[in-house]
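Undergrad: protein_4.txt is the file, holding compact mmCIF, C-alpha atoms:
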# COMPACT_ATOMS: atom_id res chain seq x y z
CA GLY N 114 9.71 169.08 54.79
CA ALA N 115 5.99 168.79 54.21
CA GLY N 116 4.36 165.52 55.07
CA VAL N 117 1.37 163.76 53.57
CA SER N 118 -1.69 165.97 53.65
CA GLN N 119 -5.33 164.98 53.34
CA SER N 120 -8.51 166.93 52.87
CA PRO N 121 -11.03 167.40 54.21
CA SER N 122 -10.08 166.46 57.75
CA ASN N 123 -13.71 165.75 58.55
CA LYS N 124 -16.63 165.00 56.26
CA VAL N 125 -20.24 164.43 57.25
CA THR N 126 -22.52 163.24 54.48
CA GLU N 127 -25.97 161.81 54.08
CA LYS N 128 -26.49 158.21 53.12
CA GLY N 129 -26.63 157.84 49.37
CA LYS N 130 -24.45 160.85 48.55
CA ASP N 131 -21.08 160.62 46.81
CA VAL N 132 -17.90 161.83 48.51
CA GLU N 133 -14.36 162.57 47.35
CA LEU N 134 -11.36 162.37 49.64
CA ARG N 135 -8.06 163.91 48.60
CA CYS N 136 -4.47 162.97 49.36
CA ASP N 137 -1.29 164.96 48.62
CA PRO N 138 1.76 162.71 49.06
CA ILE N 139 5.24 163.74 50.04
CA SER N 140 7.04 165.29 47.07
CA GLY N 141 9.07 162.67 45.22
CA HIS N 142 7.17 159.70 46.62
CA THR N 143 5.97 157.68 43.66
CA ALA N 144 4.09 155.08 45.70
CA LEU N 145 0.78 155.94 47.36
CA TYR N 146 -1.61 153.90 49.47
CA TRP N 147 -5.07 154.20 50.93
CA TYR N 148 -6.10 152.50 54.16
CA ARG N 149 -9.32 152.53 56.14
CA GLN N 150 -9.46 152.58 59.92
CA SER N 151 -12.72 151.59 61.55
CA LEU N 152 -13.71 150.41 65.00
CA GLY N 153 -14.88 147.05 63.86
CA GLN N 154 -12.22 146.17 61.31
CA GLY N 155 -9.10 147.99 62.48
CA LEU N 156 -6.69 149.20 59.80
CA GLU N 157 -7.32 147.77 56.34
CA PHE N 158 -5.41 148.17 53.11
CA LEU N 159 -7.53 149.51 50.26
CA ILE N 160 -5.38 150.29 47.21
CA TYR N 161 -1.78 150.82 46.09
CA PHE N 162 -0.56 153.18 43.38
CA GLN N 163 2.82 153.15 41.70
CA GLY N 164 2.89 156.34 39.69
CA ASN N 165 -0.55 156.74 38.17
CA SER N 166 -1.19 153.00 37.96
CA ALA N 167 -2.92 150.90 40.59
CA PRO N 168 -1.44 147.41 40.45
CA ASP N 169 -3.35 146.34 43.56
CA LYS N 170 -6.95 147.33 44.17
CA SER N 171 -7.72 144.19 46.11
CA GLY N 172 -8.73 145.97 49.31
CA LEU N 173 -11.51 148.11 47.84
CA PRO N 174 -14.61 146.78 49.61
CA SER N 175 -17.11 147.22 46.78
CA ASP N 176 -17.55 148.73 43.33
CA ARG N 177 -18.83 151.89 45.02
CA PHE N 178 -15.22 152.64 45.88
CA SER N 179 -12.78 153.94 43.30
CA ALA N 180 -9.52 155.85 43.32
CA GLU N 181 -7.37 157.65 40.84
CA ARG N 182 -4.05 159.37 40.82
CA THR N 183 -2.97 162.06 38.40
CA GLY N 184 0.45 163.45 37.55
CA GLY N 185 2.04 160.89 39.83
CA SER N 186 1.02 163.06 42.75
CA VAL N 187 -2.45 163.85 44.09
CA SER N 188 -4.88 160.99 44.61
CA THR N 189 -8.64 161.03 45.05
CA LEU N 190 -10.65 158.28 46.71
CA THR N 191 -14.30 158.39 45.66
CA ILE N 192 -17.13 156.63 47.44
CA GLN N 193 -20.42 156.56 45.57
CA ARG N 194 -23.84 156.12 47.19
CA THR N 195 -22.35 156.18 50.67
CA GLN N 196 -23.65 153.77 53.30
CA GLN N 197 -23.42 154.01 57.07
CA GLU N 198 -20.87 151.21 57.15
CA ASP N 199 -18.53 153.46 55.14
CA SER N 200 -18.08 155.64 58.23
CA ALA N 201 -14.41 155.40 59.15
CA VAL N 202 -11.12 157.27 59.06
CA TYR N 203 -9.50 157.06 55.64
CA LEU N 204 -5.73 157.24 55.79
CA CYS N 205 -3.38 157.93 52.93
CA ALA N 206 0.32 157.06 52.94
CA SER N 207 3.20 157.49 50.52
CA SER N 208 6.68 156.10 50.09
CA LEU N 209 9.68 156.06 47.80
CA ALA N 210 9.43 153.52 44.99
CA GLY N 211 12.17 151.28 46.29
CA TRP N 212 11.05 151.46 49.92
CA VAL N 213 7.40 150.58 49.62
CA TYR N 214 7.30 149.15 53.11
CA GLU N 215 8.44 152.42 54.72
CA GLN N 216 5.21 154.33 54.48
CA TYR N 217 4.49 157.83 55.75
CA PHE N 218 0.92 158.47 56.77
CA GLY N 219 -1.27 161.53 56.57
CA PRO N 220 -3.61 162.65 59.37
CA GLY N 221 -6.63 161.03 57.76
CA THR N 222 -10.14 162.06 56.78
CA ARG N 223 -12.86 161.17 59.24
CA LEU N 224 -15.98 160.26 57.24
CA THR N 225 -19.35 160.11 58.96
CA VAL N 226 -22.35 158.89 57.00
CA THR N 227 -25.68 159.84 58.61
CA ALA I 269 -1.58 134.92 54.48
CA GLN I 270 -0.10 137.14 57.11
CA SER I 271 -1.61 138.14 60.41
CA VAL I 272 -0.62 140.09 63.48
CA THR I 273 -1.86 139.62 67.02
CA GLN I 274 -1.37 142.28 69.65
CA LEU I 275 -1.97 140.94 73.12
CA GLY I 276 -3.83 143.44 75.24
CA SER I 277 -5.99 146.11 73.70
CA HIS I 278 -5.19 148.39 76.63
CA VAL I 279 -2.00 148.63 78.70
CA SER I 280 -1.63 150.96 81.66
CA VAL I 281 1.72 151.81 83.26
CA SER I 282 3.04 154.33 85.74
CA GLU I 283 5.35 157.11 84.65
CA GLY I 284 8.91 155.80 84.83
CA ALA I 285 7.89 152.15 84.60
CA LEU I 286 8.82 149.68 81.88
CA VAL I 287 6.62 149.66 78.80
CA LEU I 288 6.07 146.27 77.14
CA LEU I 289 3.66 145.96 74.22
CA ARG I 290 3.32 142.50 72.76
CA CYS I 291 3.11 141.53 69.10
CA ASN I 292 3.08 138.08 67.52
CA TYR I 293 2.95 137.48 63.81
CA SER I 294 2.07 134.72 61.42
CA SER I 295 3.68 134.72 58.00
CA SER I 296 4.54 132.13 55.37
CA VAL I 297 7.77 133.91 54.52
CA PRO I 298 10.25 135.81 56.67
CA PRO I 299 8.49 139.12 57.18
CA TYR I 300 9.31 142.72 57.62
CA LEU I 301 7.91 144.04 60.90
CA PHE I 302 6.96 147.51 62.05
CA TRP I 303 5.66 149.44 65.02
CA TYR I 304 3.61 152.57 64.44
CA VAL I 305 2.28 155.07 66.98
CA GLN I 306 -0.91 157.08 66.59
CA TYR I 307 -1.62 160.12 68.75
CA PRO I 308 -5.23 161.33 69.01
CA ASN I 309 -6.58 162.75 65.76
CA GLN I 310 -3.29 162.19 63.99
CA GLY I 311 -1.98 159.76 61.42
CA LEU I 312 0.40 156.89 62.03
CA GLN I 313 4.06 157.58 62.74
CA LEU I 314 6.70 154.91 62.15
CA LEU I 315 8.51 154.10 65.42
CA LEU I 316 10.84 151.40 64.14
CA LYS I 317 11.18 148.64 61.58
CA TYR I 318 12.80 145.23 61.22
CA THR I 319 13.94 144.37 57.70
CA SER I 320 16.17 141.32 58.30
CA ALA I 321 19.24 143.11 59.58
CA ALA I 322 19.93 143.28 63.33
CA THR I 323 17.27 141.52 65.38
CA LEU I 324 17.30 144.24 68.06
CA VAL I 325 15.93 147.37 66.49
CA LYS I 326 16.10 150.81 68.04
CA GLY I 327 13.55 153.43 67.13
CA ILE I 328 12.53 156.93 67.98
CA ASN I 329 11.58 158.22 71.43
CA GLY I 330 13.63 155.56 73.25
CA PHE I 331 11.62 152.58 71.99
CA GLU I 332 13.15 149.33 70.82
CA ALA I 333 11.92 145.95 69.66
CA GLU I 334 13.47 142.54 69.28
CA PHE I 335 12.67 140.12 66.46
CA LYS I 336 12.51 136.57 67.81
CA LYS I 337 11.92 134.12 64.98
CA SER I 338 11.55 131.11 67.29
CA GLU I 339 8.74 132.85 69.15
CA THR I 340 7.32 134.68 66.08
CA SER I 341 7.34 137.80 68.22
CA PHE I 342 8.29 141.44 67.85
CA HIS I 343 7.55 143.01 71.23
CA LEU I 344 8.00 146.75 71.77
CA THR I 345 9.73 148.02 74.91
CA LYS I 346 10.81 151.23 76.54
CA PRO I 347 12.69 151.22 79.85
CA SER I 348 10.96 154.23 81.36
CA ALA I 349 7.52 155.49 80.36
CA HIS I 350 6.85 159.18 79.90
CA MET I 351 3.48 160.88 79.94
CA SER I 352 3.98 161.83 76.30
CA ASP I 353 4.08 158.12 75.35
CA ALA I 354 0.34 157.82 75.89
CA ALA I 355 -1.04 156.86 72.48
CA GLU I 356 -2.20 153.89 70.45
CA TYR I 357 0.46 151.55 69.12
CA PHE I 358 0.11 149.33 66.09
CA CYS I 359 2.26 146.39 65.06
CA ALA I 360 2.35 145.64 61.34
CA VAL I 361 3.84 143.04 59.03
CA SER I 362 4.64 142.93 55.34
CA GLU I 363 6.14 140.27 53.13
CA SER I 364 9.87 140.61 52.56
CA SER I 365 9.64 139.06 49.09
CA GLY I 366 7.10 138.06 46.47
CA GLY I 367 6.24 141.52 45.24
CA SER I 368 3.66 142.36 47.91
CA ASN I 369 5.90 143.99 50.47
CA TYR I 370 3.95 147.22 50.11
CA LYS I 371 0.86 145.71 51.74
CA LEU I 372 0.96 146.29 55.49
CA THR I 373 -1.19 144.07 57.66
CA PHE I 374 -1.88 145.70 61.01
CA GLY I 375 -2.75 144.39 64.43
CA LYS I 376 -5.80 145.73 66.24
CA GLY I 377 -3.72 148.17 68.25
CA THR I 378 -2.82 148.64 71.91
CA LEU I 379 -3.83 151.78 73.74
CA LEU I 380 -1.10 152.80 76.18
CA THR I 381 -2.08 154.87 79.19
CA VAL I 382 0.63 156.42 81.38
CA ASN I 383 -0.36 157.31 84.92
CA PRO I 384 1.43 160.04 86.89
Produce structure tokens that represent the structure in this file.

TA:
Amino acid sequence: GAGVSQSPSNKVTEKGKDVELRCDPISGHTALYWYRQSLGQGLEFLIYFQGNSAPDKSGLPSDRFSAERTGGSVSTLTIQRTQQEDSAVYLCASSLAGWVYEQYFGPGTRLTVT
Amino acid sequence: AQSVTQLGSHVSVSEGALVLLRCNYSSSVPPYLFWYVQYPNQGLQLLLKYTSAATLVKGINGFEAEFKKSETSFHLTKPSAHMSDAAEYFCAVSESSGGSNYKLTFGKGTLLTVNP
């Protein structure tokens, strides 16, 4: 079946612009996660959704970062006023509700802030 | 707080040789442990997981890992490397209880090179 998909695959933006990154989870997966992969910090947890609610936003690095999920499916990660340190690969993952540790990852969105 | 240490950021082996990628963890509670593989420009793929059942875990592509509580280790092995195994490998840990088992903490990764 279809896996987790993310769009765009690559995004280049100018410093100070806002960007939106999209994630389509596997059908039937009620749990959704965002991670960030950067050279300096490795893989970091950003946020966890169960349905449309985000019980854990503890990994969001600043208030410029926000995420929402609608219809228990698609999620959007928004970064406002992008900075160069936001350059990274943003990975989305999803899982079944009762198996939150068995996460399936998408291919990621590579964000470059110039 | 949990943490994962992967010894060796880069491991190089010959085709047909044993693959050994090392992972040590630190956790206040018995953890769940995972190995993921990442091929260039792709997302992470789950190789295998330990969730407190058998301590020797077999995964996809001929990989296996053994949970050793006394050594706080979860090393990944494969008896005979194949060229297609060249990728980056990540060890990860999550809590097995306490309501935060969704939060994976990853090691820095080990890049495996396979030489012909």

Undergrad: What are the residues of chain N lining chain I at 8 Å or less? Count only C-alpha atoms, and put the answer as a PDB file with C-alpha atoms, keeping the file's coordinate frame.

TA:
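Writing the result to result29.pdb gives the following:
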ATOM      1  CA  GLY N 155      -9.100 147.990  62.480  1.00  0.00           C
ATOM      2  CA  LEU N 156      -6.690 149.200  59.800  1.00  0.00           C
ATOM      3  CA  GLU N 157      -7.320 147.770  56.340  1.00  0.00           C
ATOM      4  CA  PHE N 158      -5.410 148.170  53.110  1.00  0.00           C
ATOM      5  CA  TYR N 161      -1.780 150.820  46.090  1.00  0.00           C
ATOM      6  CA  LEU N 204      -5.730 157.240  55.790  1.00  0.00           C
ATOM      7  CA  VAL N 213       7.400 150.580  49.620  1.00  0.00           C
ATOM      8  CA  TYR N 214       7.300 149.150  53.110  1.00  0.00           C
ATOM      9  CA  GLN N 216       5.210 154.330  54.480  1.00  0.00           C
ATOM     10  CA  TYR N 217       4.490 157.830  55.750  1.00  0.00           C
ATOM     11  CA  PHE N 218       0.920 158.470  56.770  1.00  0.00           C
ATOM     12  CA  GLY N 219      -1.270 161.530  56.570  1.00  0.00           C
ATOM     13  CA  PRO N 220      -3.610 162.650  59.370  1.00  0.00           C
ATOM     14  CA  GLY N 221      -6.630 161.030  57.760  1.00  0.00           C
TER      15      GLY N 221
END

Undergrad: Quick one, how far is atom CA of Leu379 of chain I from atom CA of His278 of chain I?

TA: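 Computing it gives 4.7 Å between the two atoms.
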
Undergrad: If you take every atom of segment 276-289 of chain I that the file lists and fit an axis-aligned box around them with 4 Å extra on each side, what centre and edge lengths come out in Å to one decimal, as lines of an AutoDock Vina configuration file?

TA:
center_x = 1.5
center_y = 150.3
center_z = 79.7
size_x = 22.9
size_y = 21.7
size_z = 20.0

Undergrad: To one decimal place in Å, what is the distance between atom CA of Arg182 of chain N and atom CA of Leu134 of chain N?

TA: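 These two atoms are separated by 11.8 Å.
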
Undergrad: Can you work out the spacing between atom CA of Ser282 of chain I and atom CA of Ala349 of chain I in Å, to one decimal?

TA: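 Here the two named atoms are 7.1 Å from each other.
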
Undergrad: When distances are computed from all atoms listed in the file, which of I:Thr381, I:Asn329, I:Ser348, I:Thr340 shows the smallest separation from Thr273 of chain I?

TA: I:Thr340

Undergrad: Which residues come within 8 Å of Leu275 of chain I, counting all atoms listed in the file, excluding same-chain residues fewer than 4 positions away, as a list in words?

TA: Leu289, Arg290, Cys291 and Thr378 of chain I

Undergrad: Taking into account all atoms listed in the file, which residue in the set N:Leu173, N:Ala144, N:Val125, N:Val132 is nearest to Leu209 of chain N?

TA: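 The closest residue to Leu209 of chain N is N:Ala144.
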
Undergrad: Name all residues at most 8 Å from Ser294 of chain I (count all atoms listed in the file; drop same-chain ones fewer than 5 positions away) and give them as a ChimeraX atom specification.

TA: /I:269-272,340

Undergrad: Take the residues from that selection and put them in a file with C-alpha atoms, as a short mmCIF file (atom, residue, chain, number, x, y, z; two decimals), keeping the file's coordinate frame.

TA:
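Generated file (again.cif):
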data_model
loop_
_atom_site.label_atom_id
_atom_site.label_comp_id
_atom_site.auth_asym_id
_atom_site.auth_seq_id
_atom_site.Cartn_x
_atom_site.Cartn_y
_atom_site.Cartn_z
CA ALA I 269 -1.58 134.92 54.48
CA GLN I 270 -0.10 137.14 57.11
CA SER I 271 -1.61 138.14 60.41
CA VAL I 272 -0.62 140.09 63.48
CA THR I 340 7.32 134.68 66.08
#

Undergrad: Counting all atoms listed in the file, I want the residues whose atoms come within 8 Å of (4.3, 164.2, 46.2) in the file frame, returned as a ChimeraX atom specification.

TA: /N:117,137-143,185-187

Undergrad: Mind completing segment 281-292 of chain I with all heavy atoms? Output as a PDB file, keeping the file's coordinate frame, please?

TA:
ATOM      1  N   VAL I 281       0.482 151.836  82.486  1.00  0.00           N
ATOM      2  CA  VAL I 281       1.720 151.810  83.260  1.00  0.00           C
ATOM      3  C   VAL I 281       1.865 153.126  84.019  1.00  0.00           C
ATOM      4  O   VAL I 281       1.239 154.129  83.667  1.00  0.00           O
ATOM      5  CB  VAL I 281       2.961 151.588  82.366  1.00  0.00           C
ATOM      6  CG1 VAL I 281       2.864 150.265  81.608  1.00  0.00           C
ATOM      7  CG2 VAL I 281       3.178 152.745  81.420  1.00  0.00           C
ATOM      8  N   SER I 282       2.713 153.110  85.013  1.00  0.00           N
ATOM      9  CA  SER I 282       3.040 154.330  85.740  1.00  0.00           C
ATOM     10  C   SER I 282       4.201 155.039  85.064  1.00  0.00           C
ATOM     11  O   SER I 282       5.044 154.398  84.415  1.00  0.00           O
ATOM     12  CB  SER I 282       3.410 154.017  87.188  1.00  0.00           C
ATOM     13  OG  SER I 282       2.328 153.420  87.866  1.00  0.00           O
ATOM     14  N   GLU I 283       4.234 156.344  85.208  1.00  0.00           N
ATOM     15  CA  GLU I 283       5.350 157.110  84.650  1.00  0.00           C
ATOM     16  C   GLU I 283       6.652 156.584  85.261  1.00  0.00           C
ATOM     17  O   GLU I 283       6.744 156.379  86.473  1.00  0.00           O
ATOM     18  CB  GLU I 283       5.178 158.585  84.965  1.00  0.00           C
ATOM     19  CG  GLU I 283       6.125 159.498  84.199  1.00  0.00           C
ATOM     20  CD  GLU I 283       5.811 160.970  84.412  1.00  0.00           C
ATOM     21  OE1 GLU I 283       5.118 161.306  85.395  1.00  0.00           O
ATOM     22  OE2 GLU I 283       6.254 161.785  83.593  1.00  0.00           O
ATOM     23  N   GLY I 284       7.637 156.334  84.378  1.00  0.00           N
ATOM     24  CA  GLY I 284       8.910 155.800  84.830  1.00  0.00           C
ATOM     25  C   GLY I 284       9.012 154.287  84.809  1.00  0.00           C
ATOM     26  O   GLY I 284      10.107 153.731  84.938  1.00  0.00           O
ATOM     27  N   ALA I 285       7.898 153.611  84.638  1.00  0.00           N
ATOM     28  CA  ALA I 285       7.890 152.150  84.600  1.00  0.00           C
ATOM     29  C   ALA I 285       8.208 151.632  83.210  1.00  0.00           C
ATOM     30  O   ALA I 285       8.144 152.365  82.218  1.00  0.00           O
ATOM     31  CB  ALA I 285       6.531 151.621  85.055  1.00  0.00           C
ATOM     32  N   LEU I 286       8.539 150.338  83.158  1.00  0.00           N
ATOM     33  CA  LEU I 286       8.820 149.680  81.880  1.00  0.00           C
ATOM     34  C   LEU I 286       7.545 149.585  81.037  1.00  0.00           C
ATOM     35  O   LEU I 286       6.476 149.257  81.541  1.00  0.00           O
ATOM     36  CB  LEU I 286       9.356 148.273  82.139  1.00  0.00           C
ATOM     37  CG  LEU I 286       9.506 147.361  80.928  1.00  0.00           C
ATOM     38  CD1 LEU I 286      10.674 147.804  80.051  1.00  0.00           C
ATOM     39  CD2 LEU I 286       9.691 145.911  81.375  1.00  0.00           C
ATOM     40  N   VAL I 287       7.709 149.868  79.749  1.00  0.00           N
ATOM     41  CA  VAL I 287       6.620 149.660  78.800  1.00  0.00           C
ATOM     42  C   VAL I 287       6.920 148.398  78.006  1.00  0.00           C
ATOM     43  O   VAL I 287       8.026 148.238  77.465  1.00  0.00           O
ATOM     44  CB  VAL I 287       6.494 150.843  77.821  1.00  0.00           C
ATOM     45  CG1 VAL I 287       5.428 150.556  76.767  1.00  0.00           C
ATOM     46  CG2 VAL I 287       6.169 152.132  78.572  1.00  0.00           C
ATOM     47  N   LEU I 288       5.950 147.484  77.943  1.00  0.00           N
ATOM     48  CA  LEU I 288       6.070 146.270  77.140  1.00  0.00           C
ATOM     49  C   LEU I 288       4.770 146.075  76.382  1.00  0.00           C
ATOM     50  O   LEU I 288       3.726 145.841  76.989  1.00  0.00           O
ATOM     51  CB  LEU I 288       6.361 145.053  78.012  1.00  0.00           C
ATOM     52  CG  LEU I 288       6.293 143.680  77.319  1.00  0.00           C
ATOM     53  CD1 LEU I 288       7.304 143.592  76.176  1.00  0.00           C
ATOM     54  CD2 LEU I 288       6.513 142.558  78.325  1.00  0.00           C
ATOM     55  N   LEU I 289       4.828 146.191  75.069  1.00  0.00           N
ATOM     56  CA  LEU I 289       3.660 145.960  74.220  1.00  0.00           C
ATOM     57  C   LEU I 289       3.961 144.746  73.346  1.00  0.00           C
ATOM     58  O   LEU I 289       4.972 144.713  72.655  1.00  0.00           O
ATOM     59  CB  LEU I 289       3.368 147.188  73.362  1.00  0.00           C
ATOM     60  CG  LEU I 289       3.161 148.501  74.123  1.00  0.00           C
ATOM     61  CD1 LEU I 289       2.829 149.630  73.137  1.00  0.00           C
ATOM     62  CD2 LEU I 289       2.097 148.380  75.176  1.00  0.00           C
ATOM     63  N   ARG I 290       3.042 143.798  73.374  1.00  0.00           N
ATOM     64  CA  ARG I 290       3.320 142.500  72.760  1.00  0.00           C
ATOM     65  C   ARG I 290       2.751 142.390  71.349  1.00  0.00           C
ATOM     66  O   ARG I 290       1.635 142.852  71.076  1.00  0.00           O
ATOM     67  CB  ARG I 290       2.752 141.369  73.611  1.00  0.00           C
ATOM     68  CG  ARG I 290       3.350 141.319  75.009  1.00  0.00           C
ATOM     69  CD  ARG I 290       2.732 140.213  75.836  1.00  0.00           C
ATOM     70  NE  ARG I 290       3.198 140.240  77.218  1.00  0.00           N
ATOM     71  CZ  ARG I 290       4.299 139.644  77.644  1.00  0.00           C
ATOM     72  NH1 ARG I 290       5.047 138.943  76.796  1.00  0.00           N
ATOM     73  NH2 ARG I 290       4.652 139.731  78.911  1.00  0.00           N
ATOM     74  N   CYS I 291       3.529 141.748  70.483  1.00  0.00           N
ATOM     75  CA  CYS I 291       3.110 141.530  69.100  1.00  0.00           C
ATOM     76  C   CYS I 291       3.615 140.162  68.644  1.00  0.00           C
ATOM     77  O   CYS I 291       4.806 139.876  68.747  1.00  0.00           O
ATOM     78  CB  CYS I 291       3.667 142.617  68.185  1.00  0.00           C
ATOM     79  SG  CYS I 291       3.386 142.346  66.421  1.00  0.00           S
ATOM     80  N   ASN I 292       2.713 139.344  68.145  1.00  0.00           N
ATOM     81  CA  ASN I 292       3.080 138.080  67.520  1.00  0.00           C
ATOM     82  C   ASN I 292       2.566 138.077  66.096  1.00  0.00           C
ATOM     83  O   ASN I 292       1.504 138.612  65.809  1.00  0.00           O
ATOM     84  CB  ASN I 292       2.501 136.900  68.307  1.00  0.00           C
ATOM     85  CG  ASN I 292       3.217 136.694  69.613  1.00  0.00           C
ATOM     86  OD1 ASN I 292       2.873 137.299  70.623  1.00  0.00           O
ATOM     87  ND2 ASN I 292       4.232 135.854  69.600  1.00  0.00           N
TER      88      ASN I 292
END
